[in-house]
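Asks: Here it is, the structure in full.
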Amino acid sequence: MKIKQLLLLFIICIQFIIMNYRPSFANPLLGNIAVEQHVLPNGITCLLVNRGYTPTLALIISFKVGSVDENYQTAGAAHLLEHMMFKGTKTIGTTDYEKEKKLLDAIEALGETIDTITLTNPDNVQLPSLKQQLQQLQRQANKYAVNAAYDAIYTQQGGINFNAGTSRDMTQYYIELPCEALELWAKLESERIKEPVFRQFYTERNTVYEERLMRYESNPQNKLFEEFLGIAFLAHPYRHPTIGYTSNIPFLKLSLVRSFYFSHYTPQNMTITVVGRQDTKKTLKALQTYFGTIPPSPSHEFVAIKEANSSSKRLVTVADANPYLLMGWLKPTMPHYDDYVFDVIASILSDGKSSRLYKTLVLDKQLVSSVDVYNGYPGSRYDNLFIIEAVPKDSVQCDAIEEVMYQQLVDLTNTCSQQEIDAAVRRLESQLVFDIDTNLGVAKIISYYQTIAGNWRYAINYTDMIRRVTCNDIQRVIKAYFNKETASVAVLKKVQ
Amino acid sequence: MKKIFRAVIILTIFLFPVFVTGNNQFNLPQVKTVDSNGVRVFYIQDSLPQCLVYVSMGAGSLYEDASNAGISQMLALVLSLGGSKKYPDINQYMDSIGGRYAVNASFEDITITMRVHAGEAETMIAMLTDLIVQPDINDKWLAMARSLLLEQIKQKQDNPMELAFEKARQCVFGNTGYGSVMTPESLAAINTTSLMDYWKRIIAKKNVRIGIVTQRRYDDVKSGVSGLTGAFSDGDSYDYSVDIPTAVKNTSSKTIYFIEKDIPQSTIVMATIAPKIKDPYRYALEVGNYIFGGGSFNSRLMNEIRVKRGYAYATGSIMRFRKNTGLFLAYAQTQAATTLTTVELMETLFHEFGSSGPVDEEVQWAKDAMIKSYIFTFDSLRSIAGYYLWMDYHGLPGTYINEYPDALAKVSREQISHAWVNAMKGYIIVIVGNKQVKEHIENDLEKNRVVIINQ
């Protein structure tokens, strides 16, 4: 085991020497934004950009772990873990950890017992008294807990947007702070990553359950979207909702969440992005001091499932809600060349009021009140979907809309022009420029590509790649992927 | 044409406001304020190769009542679909060059936003100018906009939070201003003549302000800007009034309005009228609201409802100070079983805040957080331009940039308590929930407090 660890450390050190201190990169499209990339000896990638006029920083810590790394047993664990990471450490969020720890252990043991009994023997007469005991223990533990401790510290420093997000592909922790709080941030964040304490677990699990009720159970369109992904991905974990299921959130075990943390929150999976006014040498030194002590560990396994393009799947849901239509086709993800072609197709179809679908479906035929296209849903680490969503107008049948959609794809094949592609490319390029006018905008872009594609330069090369797309590419891709026989379709019908 | 190209700049002010935050003192980027043909223009030079123009006009739903509810949104949609008579393909052009064109109506303004590559600045400004002079307001776009807005009304029923917020505003303010809600009937009453009249009314020079952020020097775009500002008409600024006595009366009863919807989670919104932006209580209430529910996880609502009890994921409060009125909204979304407990908790917290006020530590925390984070208001040139437009609309001087944090710093615990008690006397509550919640409400609450609304 020791030899293995030494070998790993040696490999990482070599990687450190190779990857560090690359020259800064500037791209004409992105003005004078220069990104410095460094890799710490333990494997953490750091991206630093000195820019802007206000003495502020946007700071993102991202992990290449999301709900795609879960299974049925752990569905929702990545998201619940993200919530738990705000609960503090042995020194933050507590007034006396020694005393609190004993209570937390007792809460965990009793909580798991209650969950097991609730699942296997819900009529067990002991259940109410066990729940009462749990509440009593929670009350005692809460006497030592300092609620929202990080939030209090950061807001007092003037921090904004202190939050986190979990997707299928990644988990991000972000904040914007005045420059002088950099060192404090590095200290606090490195400690919470090194030794988080998962206090108030059952209360937070309930909050997540409420989040699920809000996002899905009270929102028929989101609910349909979730079910749609369930039919589009039969085996691949992209089918799991990031938040978890209504049926499993109330039973998610703390031990599973903790185990998920140990196996996935590793330096190799981690990117730190700091964008704003800074002396990057000082920033790097702070990152080395605080984050460099996180021990290296191996990366988790790749999801070894290749979703098959099976026969057409169709889902119809009836609810007291307005109609909604989703159509999706399985396709390769980045950096496959066809992924760029799909981006151009998406832009031609739905980017702007003169786009083909908006013009035809909303303005001319007036079949829908809105139409949107997404390439690369629900994630980009693995093969994903090209999705068209539409909100049909009153009394318009979804079948009719589907037919028009396919007709539009045929029309695009027949009448695609280089001029139209050029316009789409300009729109995609403009979007990139428009997105980088804030520190957070820059940080989000480079952090995303570093985490998902393993290289922030993907954002730079992206514009060169989409410029290569031709009409032939578009015709070929439409023919190869947009088949009725392999489409996944979900329809929300209003109850009569 | 002569009018368009007549001499422009009467007064030019160069602003380099010194901004102090925490231990930092720095200069904001230069904001050039120009009086061009009687229109205030705020210009900022950018390093990115872009040109962004905001044309903001005083209008919006606060200016509306039951007879014309939705006219601002209708106008915004018609303009965004149709463009101008000379440039009917404005969307096609903007899409082809990778630009952005949007017209949005909010509570107090209609804003046209155009954003293009810096090289396209002249064409874009020419398009904007023509849009002001001869917008393509015709029956075709009117019918299209009406049809899309009718769909929007229907789709709102699928969004409990939006439904509850809208109903809460209406219960406080009646059917005017904040309470005006577009309906199929109000939309049907709008025609091209009324839309054009409305447009003419809001494009008066005194009612308009423009923000420009571009890589191009001001001298490069001066001629185009002059043409644009020359396109606006003479006339007075447009304003709105608020029936404050009625709003105060509406909130005095603390009525609970219930809307039934078959969803597992209830949305609770508590609402009342708040003072206008220049009210002396404003700063104390702003700090107070931060402590009560506006200030992230350490606010009282968040701490008591979410962090301690896990009753809700979304909870908090919003306080908006507008030109002639204000609005306070506190909200929580919780499952049916905990709805009434959460309502009770919200009411208790609201009353406690009035009777006991915040503690000194809370006041210091809120002031530190608000003052130190104020710098982020200026974190992009786009947001600086937006801030100048906002100050100008509210008649706030350029010195307000530094006066605002100073005013917050002076707020005391006593002032917050005093302001809360005096300004927040009553409230109403709206609950969107299912049959189970309805039964609880009917069985457990005083009958004369509850009004069931049939949607």
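Residues in the structure tokens are numbered from 1 in each chain, the chains being A, B, ... in the order shown, and ligands are numbered from 1 in the order shown.
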Running DSSP on the backbone, which parts of stretch 275-439 of chain A land in strand (DSSP E or B), as a VMD selection string?

Replies: chain A and resid 275 to 276 313 to 319 324 to 331 368 to 377 384 to 392

Asks: Just N, CA, C and O atoms for this one: save the residues we selected as a tab-separated table (two decimals), in the first residue's frame.

Replies:
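Saved file result09.tsv follows:
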chain	number	residue	atom	x	y	z
A	275	VAL	N	-10.51	34.13	-10.13
A	275	VAL	CA	-10.54	35.15	-11.18
A	275	VAL	C	-10.84	36.51	-10.56
A	275	VAL	O	-11.80	36.65	-9.80
A	276	GLY	N	-10.02	37.49	-10.88
A	276	GLY	CA	-10.24	38.85	-10.38
A	276	GLY	C	-8.92	39.53	-10.13
A	276	GLY	O	-7.86	39.03	-10.52
A	313	LYS	N	-38.84	5.38	-27.92
A	313	LYS	CA	-39.55	5.26	-26.64
A	313	LYS	C	-40.47	6.45	-26.48
A	313	LYS	O	-40.10	7.57	-26.83
A	314	ARG	N	-41.65	6.21	-25.95
A	314	ARG	CA	-42.64	7.26	-25.87
A	314	ARG	C	-43.32	7.25	-24.49
A	314	ARG	O	-43.73	6.21	-24.00
A	315	LEU	N	-43.43	8.44	-23.91
A	315	LEU	CA	-44.05	8.55	-22.60
A	315	LEU	C	-45.12	9.62	-22.67
A	315	LEU	O	-44.89	10.72	-23.18
A	316	VAL	N	-46.32	9.28	-22.19
A	316	VAL	CA	-47.39	10.28	-22.15
A	316	VAL	C	-47.87	10.40	-20.71
A	316	VAL	O	-48.21	9.41	-20.07
A	317	THR	N	-47.85	11.62	-20.19
A	317	THR	CA	-48.30	11.88	-18.83
A	317	THR	C	-49.50	12.82	-18.88
A	317	THR	O	-49.49	13.78	-19.64
A	318	VAL	N	-50.48	12.53	-18.07
A	318	VAL	CA	-51.66	13.40	-18.00
A	318	VAL	C	-51.66	14.08	-16.64
A	318	VAL	O	-51.51	13.43	-15.61
A	319	ALA	N	-51.75	15.41	-16.63
A	319	ALA	CA	-51.72	16.14	-15.36
A	319	ALA	C	-52.53	17.42	-15.47
A	319	ALA	O	-52.87	17.84	-16.58
A	324	TYR	N	-46.87	20.05	-22.84
A	324	TYR	CA	-45.42	20.21	-22.94
A	324	TYR	C	-44.89	19.03	-23.74
A	324	TYR	O	-45.37	17.90	-23.59
A	325	LEU	N	-43.93	19.29	-24.60
A	325	LEU	CA	-43.40	18.23	-25.46
A	325	LEU	C	-41.88	18.20	-25.39
A	325	LEU	O	-41.22	19.25	-25.47
A	326	LEU	N	-41.33	16.99	-25.30
A	326	LEU	CA	-39.88	16.82	-25.32
A	326	LEU	C	-39.51	15.75	-26.34
A	326	LEU	O	-40.15	14.69	-26.38
A	327	MET	N	-38.51	16.04	-27.14
A	327	MET	CA	-38.00	15.04	-28.10
A	327	MET	C	-36.49	14.98	-27.94
A	327	MET	O	-35.83	16.02	-27.84
A	328	GLY	N	-35.94	13.78	-27.91
A	328	GLY	CA	-34.49	13.69	-27.72
A	328	GLY	C	-33.86	12.58	-28.54
A	328	GLY	O	-34.51	11.56	-28.84
A	329	TRP	N	-32.61	12.79	-28.92
A	329	TRP	CA	-31.86	11.81	-29.69
A	329	TRP	C	-30.49	11.62	-29.05
A	329	TRP	O	-29.81	12.63	-28.71
A	330	LEU	N	-30.09	10.38	-28.90
A	330	LEU	CA	-28.78	10.08	-28.32
A	330	LEU	C	-27.67	10.45	-29.29
A	330	LEU	O	-27.81	10.22	-30.51
A	331	LYS	N	-26.58	10.98	-28.79
A	331	LYS	CA	-25.48	11.44	-29.64
A	331	LYS	C	-24.16	11.43	-28.87
A	331	LYS	O	-24.17	11.37	-27.63
A	368	VAL	N	-46.92	26.62	-31.30
A	368	VAL	CA	-46.37	26.59	-29.94
A	368	VAL	C	-46.13	28.02	-29.45
A	368	VAL	O	-46.01	28.95	-30.25
A	369	SER	N	-46.06	28.17	-28.11
A	369	SER	CA	-45.76	29.50	-27.59
A	369	SER	C	-44.26	29.65	-27.33
A	369	SER	O	-43.76	30.76	-27.22
A	370	SER	N	-43.56	28.55	-27.21
A	370	SER	CA	-42.10	28.63	-27.11
A	370	SER	C	-41.48	27.33	-27.59
A	370	SER	O	-42.10	26.26	-27.51
A	371	VAL	N	-40.26	27.45	-28.08
A	371	VAL	CA	-39.52	26.26	-28.53
A	371	VAL	C	-38.05	26.49	-28.23
A	371	VAL	O	-37.53	27.58	-28.44
A	372	ASP	N	-37.41	25.46	-27.69
A	372	ASP	CA	-35.98	25.56	-27.35
A	372	ASP	C	-35.26	24.28	-27.72
A	372	ASP	O	-35.87	23.21	-27.76
A	373	VAL	N	-33.99	24.42	-27.96
A	373	VAL	CA	-33.16	23.27	-28.32
A	373	VAL	C	-31.94	23.25	-27.41
A	373	VAL	O	-31.33	24.28	-27.15
A	374	TYR	N	-31.61	22.08	-26.88
A	374	TYR	CA	-30.40	21.94	-26.05
A	374	TYR	C	-29.53	20.84	-26.64
A	374	TYR	O	-30.00	19.72	-26.84
A	375	ASN	N	-28.27	21.16	-26.84
A	375	ASN	CA	-27.33	20.10	-27.19
A	375	ASN	C	-26.51	19.76	-25.96
A	375	ASN	O	-25.98	20.65	-25.30
A	376	GLY	N	-26.41	18.48	-25.67
A	376	GLY	CA	-25.55	18.06	-24.57
A	376	GLY	C	-26.24	17.94	-23.24
A	376	GLY	O	-25.67	18.26	-22.21
A	377	TYR	N	-27.44	17.47	-23.22
A	377	TYR	CA	-28.17	17.29	-21.98
A	377	TYR	C	-28.22	15.79	-21.65
A	377	TYR	O	-28.35	14.99	-22.56
A	384	ASN	N	-24.62	11.95	-24.74
A	384	ASN	CA	-25.77	12.66	-24.18
A	384	ASN	C	-26.87	12.85	-25.21
A	384	ASN	O	-26.88	12.18	-26.25
A	385	LEU	N	-27.75	13.78	-24.95
A	385	LEU	CA	-28.93	13.96	-25.81
A	385	LEU	C	-28.93	15.32	-26.51
A	385	LEU	O	-28.47	16.31	-25.95
A	386	PHE	N	-29.50	15.33	-27.67
A	386	PHE	CA	-29.91	16.57	-28.34
A	386	PHE	C	-31.41	16.65	-28.11
A	386	PHE	O	-32.15	15.74	-28.49
A	387	ILE	N	-31.84	17.73	-27.50
A	387	ILE	CA	-33.25	17.80	-27.07
A	387	ILE	C	-33.97	19.00	-27.69
A	387	ILE	O	-33.42	20.10	-27.75
A	388	ILE	N	-35.19	18.76	-28.13
A	388	ILE	CA	-36.07	19.86	-28.53
A	388	ILE	C	-37.24	19.87	-27.55
A	388	ILE	O	-37.86	18.83	-27.29
A	389	GLU	N	-37.52	21.05	-26.98
A	389	GLU	CA	-38.69	21.15	-26.10
A	389	GLU	C	-39.63	22.23	-26.65
A	389	GLU	O	-39.18	23.24	-27.20
A	390	ALA	N	-40.91	21.98	-26.51
A	390	ALA	CA	-41.89	22.95	-27.02
A	390	ALA	C	-43.09	23.01	-26.09
A	390	ALA	O	-43.45	22.03	-25.44
A	391	VAL	N	-43.67	24.20	-26.02
A	391	VAL	CA	-44.90	24.38	-25.24
A	391	VAL	C	-46.03	24.60	-26.24
A	391	VAL	O	-46.15	25.69	-26.82
A	392	PRO	N	-46.83	23.57	-26.49
A	392	PRO	CA	-47.89	23.69	-27.50
A	392	PRO	C	-48.97	24.68	-27.08
A	392	PRO	O	-49.26	24.84	-25.89

Asks: Can you check which parts of stretch 373-455 of chain B lie within 6 Å of stretch 284-305 of chain B? Per residue, the shortest pair of atoms and distance in Å to one decimal, counting only C-alpha atoms, sorted by chain and number, as a Markdown table.

Replies:
| residue | atom | partner | partner_atom | distance |
| --- | --- | --- | --- | --- |
| B:Val411 | CA | B:Ala284 | CA | 5.7 |
| B:Gln415 | CA | B:Ala284 | CA | 6.0 |
| B:Ile416 | CA | B:Ala284 | CA | 4.8 |

Asks: For a test of reading the model, state the distance in Å between atom CA of A:Pro41 and atom CA of A:Thr273, rounded to one decimal.

Replies: 16.6 Å

Asks: Using only C-alpha atoms, what does the table of chain A residues within 8 Å of chain B look like, with each row giving the shortest atom pair and its distance in Å to one decimal, sorted by chain and ascending number, as a Markdown table?

Replies:
| residue | atom | partner | partner_atom | distance |
| --- | --- | --- | --- | --- |
| A:Leu30 | CA | B:Leu48 | CA | 7.5 |
| A:Gly31 | CA | B:Leu48 | CA | 6.0 |
| A:Gly52 | CA | B:Asp379 | CA | 7.9 |
| A:Tyr53 | CA | B:Leu28 | CA | 7.5 |
| A:Thr54 | CA | B:Asp379 | CA | 6.3 |
| A:Pro55 | CA | B:Asn24 | CA | 7.4 |
| A:Thr56 | CA | B:Phe376 | CA | 7.7 |
| A:Asn147 | CA | B:Val307 | CA | 6.9 |
| A:Ala148 | CA | B:Phe297 | CA | 5.9 |
| A:Asp151 | CA | B:Phe297 | CA | 6.3 |
| A:Ala152 | CA | B:Asn298 | CA | 6.3 |
| A:Thr155 | CA | B:Ala369 | CA | 4.9 |
| A:Gln156 | CA | B:Ala369 | CA | 4.6 |
| A:Gln157 | CA | B:Ala369 | CA | 6.4 |
| A:Gly158 | CA | B:Ser373 | CA | 4.1 |
| A:Gly159 | CA | B:Ser373 | CA | 6.0 |
| A:Ile160 | CA | B:Ser373 | CA | 6.5 |
| A:Leu177 | CA | B:Ser373 | CA | 7.8 |
| A:Pro178 | CA | B:Lys372 | CA | 7.8 |
| A:Thr203 | CA | B:Gly310 | CA | 5.0 |
| A:Glu204 | CA | B:Gly310 | CA | 6.1 |
| A:Arg205 | CA | B:Gly310 | CA | 7.9 |
| A:Asn206 | CA | B:Gly310 | CA | 5.5 |
| A:Thr207 | CA | B:Gly310 | CA | 4.7 |
| A:Val208 | CA | B:Tyr313 | CA | 6.8 |
| A:Glu210 | CA | B:Tyr313 | CA | 5.5 |
| A:Glu211 | CA | B:Tyr313 | CA | 5.1 |
| A:Leu213 | CA | B:Gln265 | CA | 6.1 |
| A:Met214 | CA | B:Gln265 | CA | 6.6 |
| A:Glu217 | CA | B:Pro264 | CA | 6.8 |
| A:Ser218 | CA | B:Ile263 | CA | 5.3 |
| A:Asn219 | CA | B:Asp158 | CA | 6.7 |
| A:Pro220 | CA | B:Asp158 | CA | 7.4 |
| A:Asp320 | CA | B:Asp262 | CA | 8.0 |
| A:Ala321 | CA | B:Asp158 | CA | 6.0 |
| A:Asn322 | CA | B:Gln155 | CA | 6.3 |
| A:Asp351 | CA | B:Asp95 | CA | 7.7 |
| A:Gly352 | CA | B:Asp95 | CA | 6.0 |
| A:Lys353 | CA | B:Asn91 | CA | 6.0 |
| A:Ser354 | CA | B:Gln92 | CA | 5.0 |
| A:Ser355 | CA | B:Asp95 | CA | 7.9 |
| A:Leu363 | CA | B:Met144 | CA | 7.4 |
| A:Ser369 | CA | B:Leu148 | CA | 5.9 |
| A:Lys393 | CA | B:Glu151 | CA | 7.1 |
| A:Glu420 | CA | B:Ser96 | CA | 7.6 |
| A:Asp422 | CA | B:Ser96 | CA | 7.9 |
| A:Ala423 | CA | B:Ser96 | CA | 4.5 |
| A:Ala424 | CA | B:Ser96 | CA | 7.2 |
| A:Val425 | CA | B:Gly98 | CA | 7.9 |
| A:Arg426 | CA | B:Gly98 | CA | 4.7 |
| A:Arg427 | CA | B:Gly98 | CA | 3.7 |
| A:Leu428 | CA | B:Gly98 | CA | 7.3 |
| A:Glu429 | CA | B:Gly98 | CA | 7.5 |
| A:Ser430 | CA | B:Gly98 | CA | 5.6 |
| A:Gln431 | CA | B:Gly98 | CA | 7.9 |
| A:Val433 | CA | B:Leu48 | CA | 7.6 |
| A:Asp437 | CA | B:Ser380 | CA | 6.2 |
| A:Thr438 | CA | B:Ser380 | CA | 5.5 |
| A:Asn439 | CA | B:Asp379 | CA | 7.7 |

Asks: Which residues are close to B:Met74, i.e. within 12 Å by only C-alpha atoms, leaving aside same-chain residues fewer than 4 positions away? Reply as number ranges by chain.

Replies: B: 60-61, 68-70, 78-82, 103-106, 110, 137, 141-150, 152, 182-183, 186-192, 194-196, 198-199

Asks: B:Lys205: which residues within 6 Å, counting only C-alpha atoms, same-chain residues fewer than 2 positions away excluded, as a count of residues only?

Replies: 6

Asks: Can you work out the spacing between atom CA of A:Gly43 and atom CA of A:Ile243 in Å, to one decimal?

Replies: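 These atoms are spaced 28.7 Å apart.
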
Asks: Could you please determine the separation between atom CA of A:Met334 and atom CA of A:Gly454 in Å, to one decimal place?

Replies: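 Atom CA of A:Gly454 lies 11.0 Å from atom CA of A:Met334.
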
Asks: With a distance cut-off of 9 Å and only C-alpha atoms, select the neighbouring residues of A:Asp338, excluding the residue or stretch itself and same-chain residues fewer than 4 positions from it, and output the selection as a ChimeraX atom specification.

Replies: /A:331-334,342-343,473-474,477

Asks: Residues near A:Tyr340, anyone? I mean within 7 Å using only C-alpha atoms, not counting same-chain ones fewer than 3 positions away, as a list in words.

Replies: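 The filter keeps Tyr337, Asp343, Val344, Met465 and Ile466 of chain A.
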
Asks: Could you dump the residues just selected with C-alpha atoms as a CSV table (one decimal), in the first residue's frame?

Replies:
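Output saved as selection03.csv:
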chain,number,residue,atom,x,y,z
A,337,TYR,CA,-16.5,16.4,-33.9
A,343,ASP,CA,-24.1,23.0,-31.5
A,344,VAL,CA,-24.3,24.7,-34.9
A,465,MET,CA,-13.8,23.9,-34.3
A,466,ILE,CA,-17.3,25.3,-35.0

Asks: I need the alpha helix (DSSP H) residues of stretch 259-394 of chain B per DSSP on the backbone, written as an NGL selection string.

Replies: :B and (282-289 or 300-301 or 339-355 or 360-373 or 381-393)

Asks: Go ahead and write the selection's residues with N, CA and C atoms as a short mmCIF file (atom, residue, chain, number, x, y, z; two decimals), in the first residue's frame.

Replies:
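Dumped to out_6.cif:
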data_model
loop_
_atom_site.label_atom_id
_atom_site.label_comp_id
_atom_site.auth_asym_id
_atom_site.auth_seq_id
_atom_site.Cartn_x
_atom_site.Cartn_y
_atom_site.Cartn_z
N ARG B 282 -36.16 54.17 4.98
CA ARG B 282 -35.70 53.22 3.97
C ARG B 282 -34.44 52.44 4.39
N TYR B 283 -33.39 53.13 4.84
CA TYR B 283 -32.13 52.44 5.15
C TYR B 283 -32.30 51.49 6.34
N ALA B 284 -33.05 51.96 7.34
CA ALA B 284 -33.26 51.10 8.52
C ALA B 284 -34.04 49.85 8.13
N LEU B 285 -35.02 50.02 7.26
CA LEU B 285 -35.82 48.86 6.83
C LEU B 285 -35.00 47.92 5.94
N GLU B 286 -34.10 48.50 5.17
CA GLU B 286 -33.28 47.67 4.29
C GLU B 286 -32.36 46.76 5.13
N VAL B 287 -31.76 47.36 6.16
CA VAL B 287 -30.92 46.54 7.06
C VAL B 287 -31.82 45.55 7.81
N GLY B 288 -32.97 46.03 8.24
CA GLY B 288 -33.90 45.16 8.97
C GLY B 288 -34.33 43.97 8.14
N ASN B 289 -34.62 44.20 6.89
CA ASN B 289 -35.03 43.10 6.02
C ASN B 289 -33.90 42.10 5.81
N ARG B 300 -33.23 35.52 9.90
CA ARG B 300 -34.11 34.81 10.85
C ARG B 300 -35.00 33.77 10.17
N LEU B 301 -35.60 34.15 9.05
CA LEU B 301 -36.48 33.20 8.37
C LEU B 301 -35.72 31.94 7.97
N THR B 339 -47.56 23.22 6.69
CA THR B 339 -47.94 24.54 6.17
C THR B 339 -48.39 25.49 7.29
N LEU B 340 -49.33 25.05 8.08
CA LEU B 340 -49.85 25.97 9.11
C LEU B 340 -48.81 26.28 10.18
N THR B 341 -47.98 25.30 10.50
CA THR B 341 -46.90 25.54 11.47
C THR B 341 -45.96 26.60 10.91
N THR B 342 -45.68 26.52 9.63
CA THR B 342 -44.76 27.49 9.01
C THR B 342 -45.39 28.88 8.96
N VAL B 343 -46.69 28.93 8.66
CA VAL B 343 -47.40 30.22 8.65
C VAL B 343 -47.30 30.86 10.04
N GLU B 344 -47.57 30.04 11.04
CA GLU B 344 -47.52 30.53 12.42
C GLU B 344 -46.12 31.04 12.76
N LEU B 345 -45.14 30.28 12.33
CA LEU B 345 -43.75 30.66 12.60
C LEU B 345 -43.40 31.99 11.92
N MET B 346 -43.83 32.14 10.69
CA MET B 346 -43.55 33.38 9.96
C MET B 346 -44.21 34.58 10.65
N GLU B 347 -45.43 34.38 11.08
CA GLU B 347 -46.13 35.49 11.75
C GLU B 347 -45.45 35.83 13.07
N THR B 348 -45.08 34.79 13.82
CA THR B 348 -44.40 35.03 15.11
C THR B 348 -43.10 35.80 14.89
N LEU B 349 -42.33 35.35 13.90
CA LEU B 349 -41.04 36.01 13.63
C LEU B 349 -41.25 37.46 13.22
N PHE B 350 -42.29 37.69 12.44
CA PHE B 350 -42.59 39.05 11.97
C PHE B 350 -42.94 39.95 13.17
N HIS B 351 -43.81 39.45 14.03
CA HIS B 351 -44.22 40.26 15.19
C HIS B 351 -43.07 40.46 16.18
N GLU B 352 -42.31 39.39 16.41
CA GLU B 352 -41.16 39.49 17.32
C GLU B 352 -40.17 40.54 16.84
N PHE B 353 -40.00 40.57 15.53
CA PHE B 353 -39.04 41.51 14.97
C PHE B 353 -39.50 42.94 15.23
N GLY B 354 -40.82 43.12 15.19
CA GLY B 354 -41.35 44.45 15.47
C GLY B 354 -41.27 44.79 16.96
N SER B 355 -41.61 43.81 17.81
CA SER B 355 -41.68 44.12 19.24
C SER B 355 -40.30 44.16 19.90
N ASP B 360 -27.88 43.62 18.67
CA ASP B 360 -26.77 44.41 18.14
C ASP B 360 -25.88 43.62 17.19
N GLU B 361 -25.62 42.35 17.54
CA GLU B 361 -24.74 41.52 16.69
C GLU B 361 -25.33 41.36 15.30
N GLU B 362 -26.65 41.18 15.25
CA GLU B 362 -27.30 41.02 13.95
C GLU B 362 -27.16 42.29 13.12
N VAL B 363 -27.34 43.43 13.79
CA VAL B 363 -27.26 44.71 13.08
C VAL B 363 -25.85 44.91 12.52
N GLN B 364 -24.85 44.60 13.34
CA GLN B 364 -23.48 44.78 12.88
C GLN B 364 -23.17 43.84 11.72
N TRP B 365 -23.61 42.60 11.86
CA TRP B 365 -23.39 41.61 10.80
C TRP B 365 -24.04 42.08 9.48
N ALA B 366 -25.29 42.51 9.58
CA ALA B 366 -26.01 42.92 8.37
C ALA B 366 -25.34 44.13 7.73
N LYS B 367 -24.94 45.09 8.55
CA LYS B 367 -24.32 46.30 7.98
C LYS B 367 -22.98 45.96 7.33
N ASP B 368 -22.18 45.16 8.00
CA ASP B 368 -20.89 44.73 7.42
C ASP B 368 -21.12 44.04 6.08
N ALA B 369 -22.07 43.11 6.10
CA ALA B 369 -22.32 42.33 4.88
C ALA B 369 -22.79 43.24 3.74
N MET B 370 -23.71 44.12 4.04
CA MET B 370 -24.27 44.97 2.98
C MET B 370 -23.25 46.00 2.47
N ILE B 371 -22.50 46.56 3.38
CA ILE B 371 -21.55 47.60 2.97
C ILE B 371 -20.38 46.98 2.19
N LYS B 372 -19.85 45.89 2.72
CA LYS B 372 -18.69 45.29 2.06
C LYS B 372 -19.03 44.63 0.73
N SER B 373 -20.26 44.15 0.62
CA SER B 373 -20.63 43.49 -0.65
C SER B 373 -21.14 44.49 -1.69
N LEU B 381 -19.02 46.46 -16.28
CA LEU B 381 -19.39 47.74 -16.87
C LEU B 381 -20.89 47.78 -17.15
N ARG B 382 -21.41 46.62 -17.50
CA ARG B 382 -22.84 46.49 -17.75
C ARG B 382 -23.64 46.86 -16.49
N SER B 383 -23.17 46.35 -15.34
CA SER B 383 -23.92 46.63 -14.11
C SER B 383 -23.73 48.08 -13.66
N ILE B 384 -22.56 48.66 -13.96
CA ILE B 384 -22.38 50.08 -13.63
C ILE B 384 -23.35 50.93 -14.45
N ALA B 385 -23.43 50.62 -15.73
CA ALA B 385 -24.36 51.36 -16.60
C ALA B 385 -25.79 51.22 -16.07
N GLY B 386 -26.16 50.01 -15.70
CA GLY B 386 -27.50 49.77 -15.16
C GLY B 386 -27.74 50.56 -13.88
N TYR B 387 -26.72 50.67 -13.06
CA TYR B 387 -26.85 51.39 -11.79
C TYR B 387 -27.07 52.89 -12.03
N TYR B 388 -26.35 53.42 -12.99
CA TYR B 388 -26.53 54.85 -13.31
C TYR B 388 -27.93 55.12 -13.85
N LEU B 389 -28.43 54.20 -14.67
CA LEU B 389 -29.81 54.37 -15.18
C LEU B 389 -30.80 54.33 -14.02
N TRP B 390 -30.56 53.41 -13.10
CA TRP B 390 -31.44 53.26 -11.93
C TRP B 390 -31.41 54.52 -11.07
N MET B 391 -30.21 55.05 -10.80
CA MET B 391 -30.11 56.27 -9.98
C MET B 391 -30.83 57.43 -10.67
N ASP B 392 -30.62 57.53 -11.96
CA ASP B 392 -31.21 58.65 -12.70
C ASP B 392 -32.73 58.58 -12.66
N TYR B 393 -33.28 57.39 -12.83
CA TYR B 393 -34.73 57.22 -12.80
C TYR B 393 -35.30 57.68 -11.45
#

Asks: Of the candidates A:Glu176, A:Asp339, A:Asp123, A:Glu307, which one gets nearest to A:His236 if we count only C-alpha atoms?

Replies: A:Glu307
